[in-house]
Amino acid sequence: MDLSFYTSYLSEEIRDEGREQGREQGRAQGSAAAILTVLEQRGLTVTDAVRERVEHCDDPDTLHRWLKRAVTAATTEEVFAGEDA
């Protein structure tokens with residue numbers, strides 16, 4: 001059985017891409033968790049819809065913007081103000 005594929009440049013490239021995707025997903029999950037924690041600790045309402053929206057977002061810029069807003073927003077709705085659902 002030829003196993004050379006598993007040690008080839010192409011297989012290394014594929015594994016590296018997979019690792020990077022995993023790191024990106026981990027960062028997004030961490031950001032989402034931080035947003036939800038801030039909202040909850042501030043006593044703001046975190047509905048199922050809000051939780052789902054935050055947890056399903058994978059754009060790092062959007063998550064960062066929401067996190068900054070979560071720190072000072074008077075309501076959960078302010079975190080998403082001006083953005084499509």
# chains A, B, ... in the order shown; residues from 1 in each chain; ligands from 1

$ closest_atom_pairs --of "segment 51-84 of chain A" --to "segment 13-33 of chain A" --cutoff "12 Å" --atoms "only C-alpha atoms" --output "Markdown table"
| residue | atom | partner | partner_atom | distance |
| --- | --- | --- | --- | --- |
| A:Arg51 | CA | A:Ala32 | CA | 8.6 |
| A:Glu52 | CA | A:Ala32 | CA | 9.8 |
| A:Arg53 | CA | A:Ala32 | CA | 9.3 |
| A:Val54 | CA | A:Ala32 | CA | 5.6 |
| A:Glu55 | CA | A:Ala32 | CA | 5.5 |
| A:His56 | CA | A:Ala32 | CA | 8.5 |
| A:Cys57 | CA | A:Ala28 | CA | 7.5 |
| A:Asp58 | CA | A:Ala28 | CA | 5.7 |
| A:Asp59 | CA | A:Ala28 | CA | 7.4 |
| A:Pro60 | CA | A:Ala28 | CA | 6.4 |
| A:Asp61 | CA | A:Ala28 | CA | 9.9 |
| A:Thr62 | CA | A:Ser31 | CA | 10.0 |
| A:Leu63 | CA | A:Ser31 | CA | 6.3 |
| A:His64 | CA | A:Ser31 | CA | 7.2 |
| A:Arg65 | CA | A:Ser31 | CA | 10.4 |
| A:Trp66 | CA | A:Ala32 | CA | 9.0 |
| A:Leu67 | CA | A:Ser31 | CA | 7.4 |
| A:Lys68 | CA | A:Ser31 | CA | 10.8 |
| A:Ala70 | CA | A:Ala32 | CA | 11.1 |

$ write_last_selection --atoms "C-alpha atoms" --output "tab-separated table (two decimals), in the first residue's frame"
chain	number	residue	atom	x	y	z
A	51	ARG	CA	-27.33	33.67	21.67
A	52	GLU	CA	-27.82	31.98	18.29
A	53	ARG	CA	-26.86	35.13	16.37
A	54	VAL	CA	-23.66	35.57	18.34
A	55	GLU	CA	-22.69	31.90	18.32
A	56	HIS	CA	-23.25	31.55	14.56
A	57	CYS	CA	-21.22	34.61	13.58
A	58	ASP	CA	-17.81	33.71	12.22
A	59	ASP	CA	-16.61	37.15	11.15
A	60	PRO	CA	-13.84	38.32	13.52
A	61	ASP	CA	-14.41	42.01	12.80
A	62	THR	CA	-18.12	41.76	13.57
A	63	LEU	CA	-17.48	39.81	16.76
A	64	HIS	CA	-14.89	42.35	17.88
A	65	ARG	CA	-17.30	45.22	17.20
A	66	TRP	CA	-20.06	43.47	19.13
A	67	LEU	CA	-17.74	42.78	22.05
A	68	LYS	CA	-16.75	46.44	22.31
A	70	ALA	CA	-21.41	44.82	24.76

$ residues_around --residues "Thr75 of chain A" --least-positions-apart "5" --cutoff "9 Å" --atoms "only C-alpha atoms" --output "MDAnalysis selection string"
chainID A and resid 39 44:45 70

$ write_last_selection --atoms "all heavy atoms" --output "short mmCIF file (atom, residue, chain, number, x, y, z; two decimals), in the first residue's frame"
data_model
loop_
_atom_site.label_atom_id
_atom_site.label_comp_id
_atom_site.auth_asym_id
_atom_site.auth_seq_id
_atom_site.Cartn_x
_atom_site.Cartn_y
_atom_site.Cartn_z
N LEU A 39 -22.54 40.35 28.34
CA LEU A 39 -23.97 40.71 28.39
C LEU A 39 -24.64 40.14 29.63
O LEU A 39 -25.38 40.85 30.33
CB LEU A 39 -24.68 40.21 27.12
CG LEU A 39 -24.28 40.89 25.82
CD1 LEU A 39 -24.93 40.17 24.63
CD2 LEU A 39 -24.63 42.36 25.83
N LEU A 44 -27.91 42.14 31.17
CA LEU A 44 -28.69 42.39 29.97
C LEU A 44 -29.34 41.09 29.49
O LEU A 44 -28.81 40.00 29.71
CB LEU A 44 -27.82 42.98 28.87
CG LEU A 44 -27.16 44.32 29.23
CD1 LEU A 44 -26.25 44.80 28.11
CD2 LEU A 44 -28.21 45.38 29.54
N THR A 45 -30.48 41.22 28.85
CA THR A 45 -31.24 40.07 28.40
C THR A 45 -30.54 39.38 27.23
O THR A 45 -30.25 40.01 26.21
CB THR A 45 -32.65 40.49 27.96
OG1 THR A 45 -33.29 41.14 29.06
CG2 THR A 45 -33.47 39.30 27.53
N ALA A 70 -20.82 45.53 23.63
CA ALA A 70 -21.41 44.82 24.76
C ALA A 70 -20.95 45.40 26.10
O ALA A 70 -21.68 45.36 27.08
CB ALA A 70 -21.07 43.33 24.69
#

$ select_by_dssp --residues "segment 4-77 of chain A" --states "helix (DSSP H, G or I)" --output "PDB file with N, CA and C atoms, in the first residue's frame"
ATOM      1  N   SER A   4       2.624   7.325   0.455  1.00  0.00           N
ATOM      2  CA  SER A   4       3.407   8.539   0.197  1.00  0.00           C
ATOM      3  C   SER A   4       2.559   9.801   0.222  1.00  0.00           C
ATOM      4  N   PHE A   5       1.258   9.693  -0.069  1.00  0.00           N
ATOM      5  CA  PHE A   5       0.403  10.885  -0.038  1.00  0.00           C
ATOM      6  C   PHE A   5       0.435  11.543   1.331  1.00  0.00           C
ATOM      7  N   TYR A   6       0.457  10.736   2.377  1.00  0.00           N
ATOM      8  CA  TYR A   6       0.367  11.256   3.737  1.00  0.00           C
ATOM      9  C   TYR A   6       1.619  12.035   4.161  1.00  0.00           C
ATOM     10  N   THR A   7       2.689  11.887   3.417  1.00  0.00           N
ATOM     11  CA  THR A   7       3.910  12.625   3.724  1.00  0.00           C
ATOM     12  C   THR A   7       4.253  13.623   2.625  1.00  0.00           C
ATOM     13  N   TYR A   9       3.893  17.049   0.108  1.00  0.00           N
ATOM     14  CA  TYR A   9       3.713  18.488   0.296  1.00  0.00           C
ATOM     15  C   TYR A   9       2.229  18.836   0.295  1.00  0.00           C
ATOM     16  N   LEU A  10       1.469  18.225  -0.609  1.00  0.00           N
ATOM     17  CA  LEU A  10       0.038  18.513  -0.709  1.00  0.00           C
ATOM     18  C   LEU A  10      -0.699  18.124   0.574  1.00  0.00           C
ATOM     19  N   SER A  11      -0.376  16.973   1.127  1.00  0.00           N
ATOM     20  CA  SER A  11      -1.056  16.565   2.350  1.00  0.00           C
ATOM     21  C   SER A  11      -0.693  17.484   3.515  1.00  0.00           C
ATOM     22  N   GLU A  12       0.546  17.937   3.566  1.00  0.00           N
ATOM     23  CA  GLU A  12       0.951  18.898   4.613  1.00  0.00           C
ATOM     24  C   GLU A  12       0.182  20.204   4.460  1.00  0.00           C
ATOM     25  N   GLU A  13       0.022  20.646   3.225  1.00  0.00           N
ATOM     26  CA  GLU A  13      -0.707  21.888   2.965  1.00  0.00           C
ATOM     27  C   GLU A  13      -2.169  21.751   3.403  1.00  0.00           C
ATOM     28  N   ILE A  14      -2.765  20.625   3.102  1.00  0.00           N
ATOM     29  CA  ILE A  14      -4.155  20.372   3.497  1.00  0.00           C
ATOM     30  C   ILE A  14      -4.280  20.351   5.019  1.00  0.00           C
ATOM     31  N   ARG A  15      -3.346  19.698   5.692  1.00  0.00           N
ATOM     32  CA  ARG A  15      -3.381  19.663   7.161  1.00  0.00           C
ATOM     33  C   ARG A  15      -3.195  21.063   7.743  1.00  0.00           C
ATOM     34  N   ASP A  16      -2.284  21.850   7.161  1.00  0.00           N
ATOM     35  CA  ASP A  16      -2.072  23.215   7.644  1.00  0.00           C
ATOM     36  C   ASP A  16      -3.325  24.063   7.489  1.00  0.00           C
ATOM     37  N   GLU A  17      -4.011  23.916   6.361  1.00  0.00           N
ATOM     38  CA  GLU A  17      -5.256  24.653   6.149  1.00  0.00           C
ATOM     39  C   GLU A  17      -6.301  24.247   7.178  1.00  0.00           C
ATOM     40  N   GLY A  18      -6.388  22.969   7.453  1.00  0.00           N
ATOM     41  CA  GLY A  18      -7.333  22.481   8.454  1.00  0.00           C
ATOM     42  C   GLY A  18      -7.024  23.012   9.840  1.00  0.00           C
ATOM     43  N   ARG A  19      -5.745  23.058  10.170  1.00  0.00           N
ATOM     44  CA  ARG A  19      -5.351  23.597  11.483  1.00  0.00           C
ATOM     45  C   ARG A  19      -5.725  25.069  11.594  1.00  0.00           C
ATOM     46  N   GLU A  20      -5.471  25.837  10.532  1.00  0.00           N
ATOM     47  CA  GLU A  20      -5.796  27.267  10.546  1.00  0.00           C
ATOM     48  C   GLU A  20      -7.302  27.477  10.660  1.00  0.00           C
ATOM     49  N   GLN A  21      -8.069  26.685   9.938  1.00  0.00           N
ATOM     50  CA  GLN A  21      -9.521  26.788  10.054  1.00  0.00           C
ATOM     51  C   GLN A  21      -9.965  26.479  11.478  1.00  0.00           C
ATOM     52  N   GLY A  22      -9.358  25.507  12.093  1.00  0.00           N
ATOM     53  CA  GLY A  22      -9.682  25.163  13.472  1.00  0.00           C
ATOM     54  C   GLY A  22      -9.348  26.298  14.431  1.00  0.00           C
ATOM     55  N   ARG A  23      -8.203  26.940  14.200  1.00  0.00           N
ATOM     56  CA  ARG A  23      -7.823  28.076  15.053  1.00  0.00           C
ATOM     57  C   ARG A  23      -8.806  29.229  14.876  1.00  0.00           C
ATOM     58  N   GLU A  24      -9.207  29.499  13.625  1.00  0.00           N
ATOM     59  CA  GLU A  24     -10.167  30.573  13.365  1.00  0.00           C
ATOM     60  C   GLU A  24     -11.502  30.283  14.032  1.00  0.00           C
ATOM     61  N   GLN A  25     -11.951  29.048  13.948  1.00  0.00           N
ATOM     62  CA  GLN A  25     -13.204  28.672  14.603  1.00  0.00           C
ATOM     63  C   GLN A  25     -13.090  28.818  16.115  1.00  0.00           C
ATOM     64  N   GLY A  26     -11.949  28.448  16.658  1.00  0.00           N
ATOM     65  CA  GLY A  26     -11.728  28.583  18.098  1.00  0.00           C
ATOM     66  C   GLY A  26     -11.745  30.031  18.539  1.00  0.00           C
ATOM     67  N   ARG A  27     -11.114  30.896  17.753  1.00  0.00           N
ATOM     68  CA  ARG A  27     -11.130  32.330  18.084  1.00  0.00           C
ATOM     69  C   ARG A  27     -12.551  32.882  18.030  1.00  0.00           C
ATOM     70  N   ALA A  28     -13.318  32.484  17.007  1.00  0.00           N
ATOM     71  CA  ALA A  28     -14.704  32.954  16.885  1.00  0.00           C
ATOM     72  C   ALA A  28     -15.534  32.465  18.066  1.00  0.00           C
ATOM     73  N   GLN A  29     -15.366  31.212  18.449  1.00  0.00           N
ATOM     74  CA  GLN A  29     -16.107  30.678  19.586  1.00  0.00           C
ATOM     75  C   GLN A  29     -15.731  31.402  20.869  1.00  0.00           C
ATOM     76  N   GLY A  30     -14.455  31.718  21.021  1.00  0.00           N
ATOM     77  CA  GLY A  30     -14.009  32.445  22.202  1.00  0.00           C
ATOM     78  C   GLY A  30     -14.581  33.849  22.256  1.00  0.00           C
ATOM     79  N   SER A  31     -14.603  34.516  21.116  1.00  0.00           N
ATOM     80  CA  SER A  31     -15.189  35.854  21.060  1.00  0.00           C
ATOM     81  C   SER A  31     -16.674  35.825  21.357  1.00  0.00           C
ATOM     82  N   ALA A  32     -17.366  34.849  20.786  1.00  0.00           N
ATOM     83  CA  ALA A  32     -18.802  34.716  21.032  1.00  0.00           C
ATOM     84  C   ALA A  32     -19.067  34.471  22.515  1.00  0.00           C
ATOM     85  N   ALA A  33     -18.281  33.609  23.126  1.00  0.00           N
ATOM     86  CA  ALA A  33     -18.446  33.332  24.554  1.00  0.00           C
ATOM     87  C   ALA A  33     -18.196  34.591  25.379  1.00  0.00           C
ATOM     88  N   ALA A  34     -17.209  35.380  24.986  1.00  0.00           N
ATOM     89  CA  ALA A  34     -16.907  36.615  25.711  1.00  0.00           C
ATOM     90  C   ALA A  34     -18.059  37.604  25.619  1.00  0.00           C
ATOM     91  N   ILE A  35     -18.631  37.741  24.442  1.00  0.00           N
ATOM     92  CA  ILE A  35     -19.767  38.657  24.259  1.00  0.00           C
ATOM     93  C   ILE A  35     -20.924  38.237  25.145  1.00  0.00           C
ATOM     94  N   LEU A  36     -21.251  36.967  25.112  1.00  0.00           N
ATOM     95  CA  LEU A  36     -22.377  36.483  25.912  1.00  0.00           C
ATOM     96  C   LEU A  36     -22.101  36.631  27.405  1.00  0.00           C
ATOM     97  N   THR A  37     -20.886  36.386  27.822  1.00  0.00           N
ATOM     98  CA  THR A  37     -20.527  36.546  29.235  1.00  0.00           C
ATOM     99  C   THR A  37     -20.663  37.996  29.674  1.00  0.00           C
ATOM    100  N   VAL A  38     -20.173  38.915  28.868  1.00  0.00           N
ATOM    101  CA  VAL A  38     -20.275  40.341  29.204  1.00  0.00           C
ATOM    102  C   VAL A  38     -21.736  40.752  29.325  1.00  0.00           C
ATOM    103  N   LEU A  39     -22.545  40.351  28.344  1.00  0.00           N
ATOM    104  CA  LEU A  39     -23.968  40.707  28.389  1.00  0.00           C
ATOM    105  C   LEU A  39     -24.642  40.137  29.634  1.00  0.00           C
ATOM    106  N   GLU A  40     -24.378  38.874  29.926  1.00  0.00           N
ATOM    107  CA  GLU A  40     -24.992  38.237  31.090  1.00  0.00           C
ATOM    108  C   GLU A  40     -24.529  38.876  32.391  1.00  0.00           C
ATOM    109  N   GLN A  41     -23.241  39.147  32.508  1.00  0.00           N
ATOM    110  CA  GLN A  41     -22.707  39.736  33.739  1.00  0.00           C
ATOM    111  C   GLN A  41     -23.197  41.163  33.950  1.00  0.00           C
ATOM    112  N   ASP A  48     -32.663  33.525  23.300  1.00  0.00           N
ATOM    113  CA  ASP A  48     -32.158  32.434  22.461  1.00  0.00           C
ATOM    114  C   ASP A  48     -31.737  32.964  21.093  1.00  0.00           C
ATOM    115  N   ALA A  49     -32.500  33.936  20.572  1.00  0.00           N
ATOM    116  CA  ALA A  49     -32.174  34.515  19.260  1.00  0.00           C
ATOM    117  C   ALA A  49     -30.837  35.256  19.304  1.00  0.00           C
ATOM    118  N   VAL A  50     -30.597  35.988  20.377  1.00  0.00           N
ATOM    119  CA  VAL A  50     -29.324  36.702  20.537  1.00  0.00           C
ATOM    120  C   VAL A  50     -28.187  35.701  20.653  1.00  0.00           C
ATOM    121  N   ARG A  51     -28.364  34.696  21.485  1.00  0.00           N
ATOM    122  CA  ARG A  51     -27.332  33.666  21.674  1.00  0.00           C
ATOM    123  C   ARG A  51     -27.008  32.989  20.338  1.00  0.00           C
ATOM    124  N   GLU A  52     -28.033  32.638  19.584  1.00  0.00           N
ATOM    125  CA  GLU A  52     -27.817  31.981  18.291  1.00  0.00           C
ATOM    126  C   GLU A  52     -27.097  32.908  17.313  1.00  0.00           C
ATOM    127  N   ARG A  53     -27.497  34.164  17.280  1.00  0.00           N
ATOM    128  CA  ARG A  53     -26.856  35.125  16.370  1.00  0.00           C
ATOM    129  C   ARG A  53     -25.372  35.264  16.676  1.00  0.00           C
ATOM    130  N   VAL A  54     -25.057  35.403  17.931  1.00  0.00           N
ATOM    131  CA  VAL A  54     -23.664  35.574  18.336  1.00  0.00           C
ATOM    132  C   VAL A  54     -22.867  34.294  18.080  1.00  0.00           C
ATOM    133  N   GLU A  55     -23.415  33.171  18.461  1.00  0.00           N
ATOM    134  CA  GLU A  55     -22.690  31.902  18.321  1.00  0.00           C
ATOM    135  C   GLU A  55     -22.500  31.474  16.866  1.00  0.00           C
ATOM    136  N   HIS A  56     -23.359  31.937  15.966  1.00  0.00           N
ATOM    137  CA  HIS A  56     -23.247  31.549  14.563  1.00  0.00           C
ATOM    138  C   HIS A  56     -22.459  32.549  13.726  1.00  0.00           C
ATOM    139  N   PRO A  60     -14.571  37.773  12.365  1.00  0.00           N
ATOM    140  CA  PRO A  60     -13.844  38.316  13.519  1.00  0.00           C
ATOM    141  C   PRO A  60     -14.060  39.813  13.729  1.00  0.00           C
ATOM    142  N   ASP A  61     -14.199  40.570  12.652  1.00  0.00           N
ATOM    143  CA  ASP A  61     -14.413  42.014  12.797  1.00  0.00           C
ATOM    144  C   ASP A  61     -15.766  42.314  13.431  1.00  0.00           C
ATOM    145  N   THR A  62     -16.776  41.583  13.001  1.00  0.00           N
ATOM    146  CA  THR A  62     -18.117  41.761  13.571  1.00  0.00           C
ATOM    147  C   THR A  62     -18.120  41.372  15.041  1.00  0.00           C
ATOM    148  N   LEU A  63     -17.536  40.249  15.361  1.00  0.00           N
ATOM    149  CA  LEU A  63     -17.484  39.808  16.757  1.00  0.00           C
ATOM    150  C   LEU A  63     -16.737  40.812  17.629  1.00  0.00           C
ATOM    151  N   HIS A  64     -15.654  41.360  17.119  1.00  0.00           N
ATOM    152  CA  HIS A  64     -14.889  42.352  17.882  1.00  0.00           C
ATOM    153  C   HIS A  64     -15.733  43.619  18.114  1.00  0.00           C
ATOM    154  N   ARG A  65     -16.440  44.047  17.075  1.00  0.00           N
ATOM    155  CA  ARG A  65     -17.304  45.225  17.196  1.00  0.00           C
ATOM    156  C   ARG A  65     -18.400  44.974  18.223  1.00  0.00           C
ATOM    157  N   TRP A  66     -19.018  43.795  18.168  1.00  0.00           N
ATOM    158  CA  TRP A  66     -20.064  43.472  19.134  1.00  0.00           C
ATOM    159  C   TRP A  66     -19.527  43.406  20.550  1.00  0.00           C
ATOM    160  N   LEU A  67     -18.323  42.874  20.715  1.00  0.00           N
ATOM    161  CA  LEU A  67     -17.743  42.781  22.053  1.00  0.00           C
ATOM    162  C   LEU A  67     -17.511  44.173  22.634  1.00  0.00           C
ATOM    163  N   LYS A  68     -16.974  45.070  21.824  1.00  0.00           N
ATOM    164  CA  LYS A  68     -16.752  46.445  22.309  1.00  0.00           C
ATOM    165  C   LYS A  68     -18.083  47.098  22.688  1.00  0.00           C
ATOM    166  N   ARG A  69     -19.114  46.886  21.894  1.00  0.00           N
ATOM    167  CA  ARG A  69     -20.428  47.463  22.201  1.00  0.00           C
ATOM    168  C   ARG A  69     -21.040  46.823  23.438  1.00  0.00           C
ATOM    169  N   ALA A  70     -20.820  45.529  23.627  1.00  0.00           N
ATOM    170  CA  ALA A  70     -21.415  44.819  24.762  1.00  0.00           C
ATOM    171  C   ALA A  70     -20.952  45.402  26.098  1.00  0.00           C
ATOM    172  N   VAL A  71     -19.768  45.961  26.108  1.00  0.00           N
ATOM    173  CA  VAL A  71     -19.212  46.519  27.347  1.00  0.00           C
ATOM    174  C   VAL A  71     -19.990  47.747  27.802  1.00  0.00           C
ATOM    175  N   THR A  72     -20.525  48.525  26.867  1.00  0.00           N
ATOM    176  CA  THR A  72     -21.168  49.791  27.236  1.00  0.00           C
ATOM    177  C   THR A  72     -22.638  49.894  26.869  1.00  0.00           C
ATOM    178  N   THR A  76     -29.302  44.912  25.009  1.00  0.00           N
ATOM    179  CA  THR A  76     -28.722  43.951  24.082  1.00  0.00           C
ATOM    180  C   THR A  76     -28.909  44.429  22.646  1.00  0.00           C
ATOM    181  N   GLU A  77     -30.042  45.050  22.366  1.00  0.00           N
ATOM    182  CA  GLU A  77     -30.327  45.533  21.015  1.00  0.00           C
ATOM    183  C   GLU A  77     -29.277  46.534  20.534  1.00  0.00           C
TER     184      GLU A  77
END
